[in-house]
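**Q** Sharing a structure with you now.
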Amino acid sequence: MVNSSTLLKLLKVEPSEWPTFAQMLGHSFFNSLGIAFSFTAINVLLINLHGIELLPWIYLFGGIMVLLFGRLYAYLESRVHSVQLFAGVLLFCISWTLLARGLTMWGDTLFLLALLYALYLALYQLINLEFWGAAALIYDVRQSKRLFGLLSTGESVAKMGGYLVTPFIVSLASLSDLLFFAAASFGISFFFLFQLSRINKKALDVEHHHGSHSHKLRSGNGLVRGLKKLIPGIKDKYLRITGYFAMFSALVYYLVHYSFLNRVEVHFSNIEELAFFFGLFFGIGKGINLLIKVLLYSRIFNNMKIGIIILLFPITIGVLAFAGLVGQFLVPDPLIFFLWVFGLIMLMDEVFRTSIYLPSFFVLFQPLKKHQRLEGHTIAKGYMEPIGMAIAGLIMVGLIWMNVFQLNLIIVFLTASAACWIGVGYLLSSRYREKVHHLLKNRLLTSSNIQLTVEEMEVLSNAKLDQTDPVTLLYRIKLLGNQMPYNQRNEILIHLLKSNREMILYETMSVVDEFPSELFWPYLIELMDHPNDAICKRASFIYCKHSQEDCLEVMDDIIRANRGKRREYHLAAVLKYSGLYGAIQYGRLFLDLIEAEEPEQRLSAARIVGLMGREDYYHPLVTLIHDEDKGVRREAILACANVPNVRLIPELIKKYRDADVSRRTARAIEGFGPLALPPVKVELEKLYPKNDLLRFVKLLTRIKSEETGNLLFEYILHRDFEFRTVAIYGAFRNSSFTSGKDRISEIEDLLKFESEVFDLLKMHAKIKTEESGDTHLLSAIKDEMKQMKGRVLRLLGLIYDKHLIQKALDNLRGRDSFLRGNVLELLENEIKIKHCKMVIPVLEYKLSAVESDNLSDDGAAPGNFLNEIMKKQRVAVSEWTIALAVRCCRQNKLSMDSDIIKKLRNLQSEAITQELERKI
Amino acid sequence: MEFFVDKVFSLKSVSVFENLPEASLLDVARIMDTEEFEAGEEFIKKGDIAEDMYIVKSGVVEVHHDGSILAVLGENEIVGELAILAPIRRTASVRARTEVIAYRIGREYFMDLLYEKPELMSDIIEVLIGRITTLNDELRRYKNLVDFR
């Protein structure tokens, strides 16, 4: 049994994947061996006995047959367990081979062979659906990209072997006996399927979606209805395009296949020669195919995006077909030329179809939900490919019927079909990216990210016109506001102001604020007594805002009648909006609050200033910022965030280093935006201790200005880990940070650095040295690897669209492996390959793999973690991990270079210094 | 001298923090103060608005309510951990039974830390959601038990 981890690493198969992988390989091998024997037997029997003139009719008939079987497969797929379905396919294959063997003993009439050939075409489609269906269910999108190509090596080896041994089997027994070998192969394959179903019970369990298929049948009558039953309307755009792609692929294949056989038949007259040629030709083809799978497949997937890989094969065929189309006019003997062209295309088909094209085609379905993957396979293989086959048959039957069947006409159809195939492929590659985007979770939609057209708005608002439900009315008035007649709007607003639902009242008042009228005042005054503080506050502010000094009379009673927070709201509203009269009437009361001895009253004054948000109340606020009471100071600082007076900034900066009010001060400073930048910049140039300076960098990250970007970038490149991390996270959050070309190359360097550090961490997490063997340090190293995922993604966010990266971050946060796989797939399609190579291994690495990995296989010598990490050009890990590493080094009496000790002291970390000075 | 590394290990015993990365807990360790209480000193009073949580570093404390002792807590045990997340009222009083040394984390400081490190906030939210889920499961189990009876 192969269990060498070196081989697994070479094949890029994880140890945990090996049992299933081995079974899949066996399953693929015997499936393909059965196909190779069946294909050779039925082809040679038909061509040798009856020629290929009727092959187009067989394609036409076969197309319908495959379509019917596809329909049956789809019907069963949504009704029986996937394992039962797959087993049914294999039983059908065994039955077909035995039946074919029996019937060929009985007779070899054209009708019989044509029927068997058409059934073989159905069998071939079903076996494909079965194998790739099982693979699609067992593997996720990431595994499929890594393993699908390798899985199909079983097929290449089997077909190559099958085609090569065919001449010997034929010379020893009869051609029909190949069918016995085919039956035996399918039988062994059945055993592998049984094993697979045993070890992948959960993965092969698909939730049935009765009636939810996007390719539900449309209604119709008679013949039309019958046709629609066969050719369903596929509602899912993505599946529809993959279907068309598969259809053109089949069309091209059968055009080439028939033309090639047509040329071959002219050259070979006896059955042995024909069998030998087929065996040799397809054997060579499969040999090259196998070499590509083993040597090139993983390189292609590592260096190209799936959208490009999927186009490689159609473009190759397209170029050859076009060369044939043009070249026929340049050569003296077009017939020989066509033999070479079609031979070459057929060879390319044999070489690339199953090595690159099919695995990448099936990968296209992997980001979808399980049942959709199977549905996609059925649509592509069971519906659209047969249609392609039937179209190929129709073209050829048409040409024969018109007596113009010539290869120079076939090449025209072939070139046109290949061009369509490439076109659909191009569309498919862009749809694939969109689909992956769509399959990831989005953040909650808000009005800011819903953009409706005028027509859409009209449709929405008209649909709600006759409703009386308050939510609908509010929705309607918010949408139509301006366009509604004045009276109708006021009527609705009054109706809504009488509502007993708090949300309705609160939102209605914001509309009242937009369309004020004296009609609303009595309702607002009433709402000032509402038990909900937020409603009371909003009613008071909106009333005072629009009635200005007229509000004084009403508000006087209300202010006197209330205490506490409610009194503060009303007082703030009056002072804010009632001008000089208000200041005269309530100024003294406010001053008394500021000068009061009780901290509660000064606290109240601070809150009132915050609620008012008036620039000219700067002086009382400065007094309150420096109040002796911590609570008053905090409230005053919070109020500063609403008072747009720049003279407050220096006062706030002074307070920022005061740990008691630090957060509130940061919020207040942040409120000033770019105006706060110059004083913050001055502070950053001062020689503060590291932690104080770090605090100012954090503050810097919250100020949105172009210059912030320049300053932050210096910290992104900082040698110190903490400064770098704060700056990376801050720059990602700060929408004003943009990257020019110079910055991008520096960020790329950082990504490369992170990638190198990741490799180092991975090695130390695996190899338990005396030092990193410490459980705490090991856990810290794993934490570093985990944290690095977020950091490298944010670094990527400084190069690419932040929304894309935010989406990736959001979807990676959960434990859903489906979403995680799709995030990586999204990134691989949206970012440059060179960035993928640095970032994807960090994001894809599973910490659980650390334990399961063979510890000695990396060939890395156990080293001193601390020495290695500190030798890097930048500090690579957090001070916590370094502090632990220092503790471990000292406990294990491991040597530390004097140079490293010096570097450690320069980090200005209390935790590290403590460990350096600790007595052992 | 109080080692930061040891403070972080103590923080790991607090359920709110147990799943947080230790590197982040180093920041929490920085805002921890050490306080000493004499035997019999009541440092938490029932009905007060909770502002801090404590981790007992050495000694024994007793949680009492209306004259009866509800719990006796020792080394590395936590008093009032939810206080660092919300200003809730103390539901019982706590006094030192012996001489006690405890780490104190103030809510305001902790909130500052969350403001400076929003990524820590998402970790905390994850912990709290996990706790709600567990409680819901337990509630469902009890409900089933009651229905069964």
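Order determines the names: the first chain of the structure tokens is A, the second B, and so forth; residues in each chain are numbered 1 upward, and ligands are numbered 1 upward as they are shown.
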If you run DSSP on the backbone here, which positions in range 24-106 of chain B get strand (DSSP E or B)? Please write them as a ChimeraX atom specification.

**A** /B:32-37,42-44,49,52-58,61-65,68-73,78-79,89,93-96,100-106

**Q** May I ask you to extract the residues of chain A within 6 Å of chain B, using only C-alpha atoms, and to give them as a CSV table (one decimal) with N, CA and C atoms, in the first residue's frame?

**A**
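Below you can see iface27.csv, which holds the result:
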```
chain,number,residue,atom,x,y,z
A,663,ARG,N,-10.4,56.5,25.1
A,663,ARG,CA,-11.3,56.1,24.0
A,663,ARG,C,-12.2,57.2,23.5
A,880,TRP,N,4.1,39.1,22.3
A,880,TRP,CA,3.7,38.0,23.1
A,880,TRP,C,4.5,36.7,22.8
A,911,ALA,N,6.9,43.3,28.4
A,911,ALA,CA,6.8,41.8,28.6
A,911,ALA,C,8.1,41.1,28.2
```

**Q** I need the helix (DSSP H, G or I) residues of range 87-123 of chain B per DSSP on the backbone, written as a PyMOL selection string.

**A** chain B and resi 107-116+118-123

**Q** Name the residues in contact with range 134-141 of chain A at a cut-off of 9 Å, using only C-alpha atoms, excluding same-chain residues fewer than 5 positions from it; report them as an NGL selection string.

**A** :A and (20 or 24 or 82-83 or 86 or 129 or 146-148 or 151 or 193 or 196 or 200 or 202-206 or 362-368 or 370-371 or 373-374 or 817-818 or 821-822 or 825)

**Q** Limited to N, CA and C atoms, could you put the picked residues into a file as an mmCIF file, in the first residue's frame?

**A**
```cif
data_model
loop_
_atom_site.group_PDB
_atom_site.id
_atom_site.type_symbol
_atom_site.label_atom_id
_atom_site.label_comp_id
_atom_site.auth_asym_id
_atom_site.auth_seq_id
_atom_site.Cartn_x
_atom_site.Cartn_y
_atom_site.Cartn_z
ATOM 1 N N THR A 20 -9.813 7.820 0.324
ATOM 2 C CA THR A 20 -10.843 8.101 -0.677
ATOM 3 C C THR A 20 -10.219 8.241 -2.059
ATOM 4 N N MET A 24 -11.147 6.252 -5.422
ATOM 5 C CA MET A 24 -11.614 6.981 -6.611
ATOM 6 C C MET A 24 -10.758 6.621 -7.826
ATOM 7 N N SER A 82 -27.961 9.183 -3.897
ATOM 8 C CA SER A 82 -26.931 9.258 -4.939
ATOM 9 C C SER A 82 -26.194 7.926 -5.117
ATOM 10 N N VAL A 83 -25.943 7.206 -4.019
ATOM 11 C CA VAL A 83 -25.205 5.949 -4.132
ATOM 12 C C VAL A 83 -26.030 4.919 -4.922
ATOM 13 N N PHE A 86 -25.765 5.875 -8.575
ATOM 14 C CA PHE A 86 -24.463 5.528 -9.162
ATOM 15 C C PHE A 86 -24.363 4.005 -9.366
ATOM 16 N N LEU A 129 -21.344 10.826 -15.929
ATOM 17 C CA LEU A 129 -22.170 11.483 -14.905
ATOM 18 C C LEU A 129 -21.961 10.817 -13.546
ATOM 19 N N ARG A 146 -7.250 20.589 -7.203
ATOM 20 C CA ARG A 146 -5.992 19.889 -6.945
ATOM 21 C C ARG A 146 -6.073 18.436 -7.422
ATOM 22 N N LEU A 147 -7.262 17.832 -7.260
ATOM 23 C CA LEU A 147 -7.327 16.378 -7.436
ATOM 24 C C LEU A 147 -8.028 15.880 -8.701
ATOM 25 N N PHE A 148 -8.881 16.690 -9.307
ATOM 26 C CA PHE A 148 -9.661 16.180 -10.444
ATOM 27 C C PHE A 148 -8.762 15.671 -11.573
ATOM 28 N N LEU A 151 -7.238 12.436 -10.506
ATOM 29 C CA LEU A 151 -8.241 11.363 -10.484
ATOM 30 C C LEU A 151 -8.416 10.746 -11.863
ATOM 31 N N LEU A 193 -16.988 1.430 -5.911
ATOM 32 C CA LEU A 193 -18.075 2.360 -5.547
ATOM 33 C C LEU A 193 -18.623 2.008 -4.165
ATOM 34 N N LEU A 196 -16.272 3.273 -1.631
ATOM 35 C CA LEU A 196 -16.366 4.748 -1.554
ATOM 36 C C LEU A 196 -17.587 5.174 -0.746
ATOM 37 N N ASN A 200 -17.445 7.490 2.601
ATOM 38 C CA ASN A 200 -17.882 8.877 2.369
ATOM 39 C C ASN A 200 -19.393 9.004 2.478
ATOM 40 N N LYS A 202 -21.429 10.523 4.484
ATOM 41 C CA LYS A 202 -22.014 11.854 4.679
ATOM 42 C C LYS A 202 -21.881 12.701 3.417
ATOM 43 N N ALA A 203 -20.699 12.642 2.810
ATOM 44 C CA ALA A 203 -20.447 13.477 1.624
ATOM 45 C C ALA A 203 -21.372 13.100 0.473
ATOM 46 N N LEU A 204 -21.702 11.815 0.372
ATOM 47 C CA LEU A 204 -22.524 11.367 -0.757
ATOM 48 C C LEU A 204 -24.020 11.531 -0.494
ATOM 49 N N ASP A 205 -24.326 12.036 0.678
ATOM 50 C CA ASP A 205 -25.731 12.243 1.020
ATOM 51 C C ASP A 205 -26.149 13.634 0.540
ATOM 52 N N VAL A 206 -27.028 13.673 -0.451
ATOM 53 C CA VAL A 206 -27.460 14.966 -0.996
ATOM 54 C C VAL A 206 -28.916 15.197 -0.657
ATOM 55 N N PHE A 362 -15.480 20.271 -14.992
ATOM 56 C CA PHE A 362 -16.220 19.835 -13.799
ATOM 57 C C PHE A 362 -15.924 20.713 -12.590
ATOM 58 N N VAL A 363 -14.730 21.317 -12.570
ATOM 59 C CA VAL A 363 -14.419 22.256 -11.477
ATOM 60 C C VAL A 363 -15.374 23.445 -11.511
ATOM 61 N N LEU A 364 -15.842 23.801 -12.706
ATOM 62 C CA LEU A 364 -16.749 24.951 -12.842
ATOM 63 C C LEU A 364 -18.023 24.801 -12.008
ATOM 64 N N PHE A 365 -18.397 23.570 -11.690
ATOM 65 C CA PHE A 365 -19.625 23.351 -10.909
ATOM 66 C C PHE A 365 -19.349 23.296 -9.405
ATOM 67 N N GLN A 366 -18.087 23.160 -9.037
ATOM 68 C CA GLN A 366 -17.765 22.899 -7.635
ATOM 69 C C GLN A 366 -18.099 24.029 -6.659
ATOM 70 N N PRO A 367 -18.070 25.311 -7.075
ATOM 71 C CA PRO A 367 -18.485 26.332 -6.094
ATOM 72 C C PRO A 367 -19.972 26.272 -5.755
ATOM 73 N N LEU A 368 -20.759 25.531 -6.541
ATOM 74 C CA LEU A 368 -22.213 25.486 -6.300
ATOM 75 C C LEU A 368 -22.548 24.548 -5.138
ATOM 76 N N LYS A 370 -24.242 21.288 -3.390
ATOM 77 C CA LYS A 370 -24.102 19.917 -3.878
ATOM 78 C C LYS A 370 -25.149 19.517 -4.912
ATOM 79 N N HIS A 371 -26.428 19.804 -4.591
ATOM 80 C CA HIS A 371 -27.464 19.351 -5.518
ATOM 81 C C HIS A 371 -27.363 20.090 -6.859
ATOM 82 N N ARG A 373 -24.527 21.026 -8.206
ATOM 83 C CA ARG A 373 -23.414 20.440 -8.950
ATOM 84 C C ARG A 373 -23.931 19.292 -9.812
ATOM 85 N N LEU A 374 -24.714 18.417 -9.157
ATOM 86 C CA LEU A 374 -25.245 17.264 -9.887
ATOM 87 C C LEU A 374 -26.192 17.724 -10.997
ATOM 88 N N SER A 817 -17.112 25.308 5.551
ATOM 89 C CA SER A 817 -16.023 24.970 4.624
ATOM 90 C C SER A 817 -16.401 25.285 3.178
ATOM 91 N N PHE A 818 -17.711 25.244 2.881
ATOM 92 C CA PHE A 818 -18.178 25.578 1.539
ATOM 93 C C PHE A 818 -17.837 27.040 1.225
ATOM 94 N N GLY A 821 -13.997 27.596 0.919
ATOM 95 C CA GLY A 821 -13.497 27.142 -0.381
ATOM 96 C C GLY A 821 -13.810 28.167 -1.461
ATOM 97 N N ASN A 822 -15.020 28.704 -1.415
ATOM 98 C CA ASN A 822 -15.413 29.675 -2.437
ATOM 99 C C ASN A 822 -14.673 31.001 -2.292
ATOM 100 N N GLU A 825 -11.450 30.502 -3.966
ATOM 101 C CA GLU A 825 -11.716 30.437 -5.400
ATOM 102 C C GLU A 825 -11.937 31.851 -5.953
#
```

**Q** Give me the residues within 12 Å of range 71-79 of chain B as number ranges by chain, counting only C-alpha atoms and dropping any in the same chain fewer than 6 places off.

**A** B: 6-17, 43-44, 50-65, 90-105

**Q** I want to know what sits within 7 Å of Val643 in chain A, based on only C-alpha atoms, with residues of the same chain fewer than 5 positions away left out; could you give that as a list of chain:residue names?

**A**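 The residues satisfying every condition are A:Gly610, A:Gly613, A:Arg614, A:Glu615.
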
**Q** Identify, on the basis of only C-alpha atoms, every residue whose closest approach to Lys902 in chain A does not exceed 12 Å; exclude the query and any residue fewer than 4 positions from it along the same chain; express the result as a PDB file with C-alpha atoms, in the first residue's frame.

**A**
```pdb
ATOM      1  CA  MET A 870      14.838  37.785  15.078  1.00  0.00           C
ATOM      2  CA  LYS A 871      17.241  37.475  12.168  1.00  0.00           C
ATOM      3  CA  MET A 896      20.831  33.707  22.592  1.00  0.00           C
ATOM      4  CA  ASP A 897      23.228  35.761  20.463  1.00  0.00           C
ATOM      5  CA  SER A 898      24.219  39.058  22.019  1.00  0.00           C
ATOM      6  CA  ASN A 906      15.274  47.686  21.363  1.00  0.00           C
ATOM      7  CA  LEU A 907      11.719  46.422  20.952  1.00  0.00           C
ATOM      8  CA  GLN A 908      10.704  48.459  24.031  1.00  0.00           C
ATOM      9  CA  ILE A 912       9.965  40.889  26.667  1.00  0.00           C
ATOM     10  CA  THR A 913      12.216  42.906  28.962  1.00  0.00           C
ATOM     11  CA  LEU A 916      15.010  38.807  29.671  1.00  0.00           C
TER      12      LEU A 916
END
```

**Q** So that I can see what lies close to Lys237 in chain A, please list as a VMD selection string the residues with an atom at most 10 Å from it, counting only C-alpha atoms and leaving out residues fewer than 4 positions away in the same chain.

**A** chain A and resid 214 241 to 243 428 431 435

**Q** Include C-alpha atoms and write out the residues we just selected as a JSON list (two decimals), in the first residue's frame.

**A**
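again.json was written with the following content:
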```json
[["chain", "number", "residue", "atom", "x", "y", "z"],
["A", 214, "SER", "CA", -34.03, 25.32, -12.07],
["A", 241, "ILE", "CA", -24.11, 28.80, -20.24],
["A", 242, "THR", "CA", -22.22, 25.73, -19.00],
["A", 243, "GLY", "CA", -24.81, 23.71, -20.90],
["A", 428, "LEU", "CA", -18.59, 31.35, -19.09],
["A", 431, "ARG", "CA", -19.93, 34.27, -15.38],
["A", 435, "LYS", "CA", -21.20, 33.16, -9.68]]
```
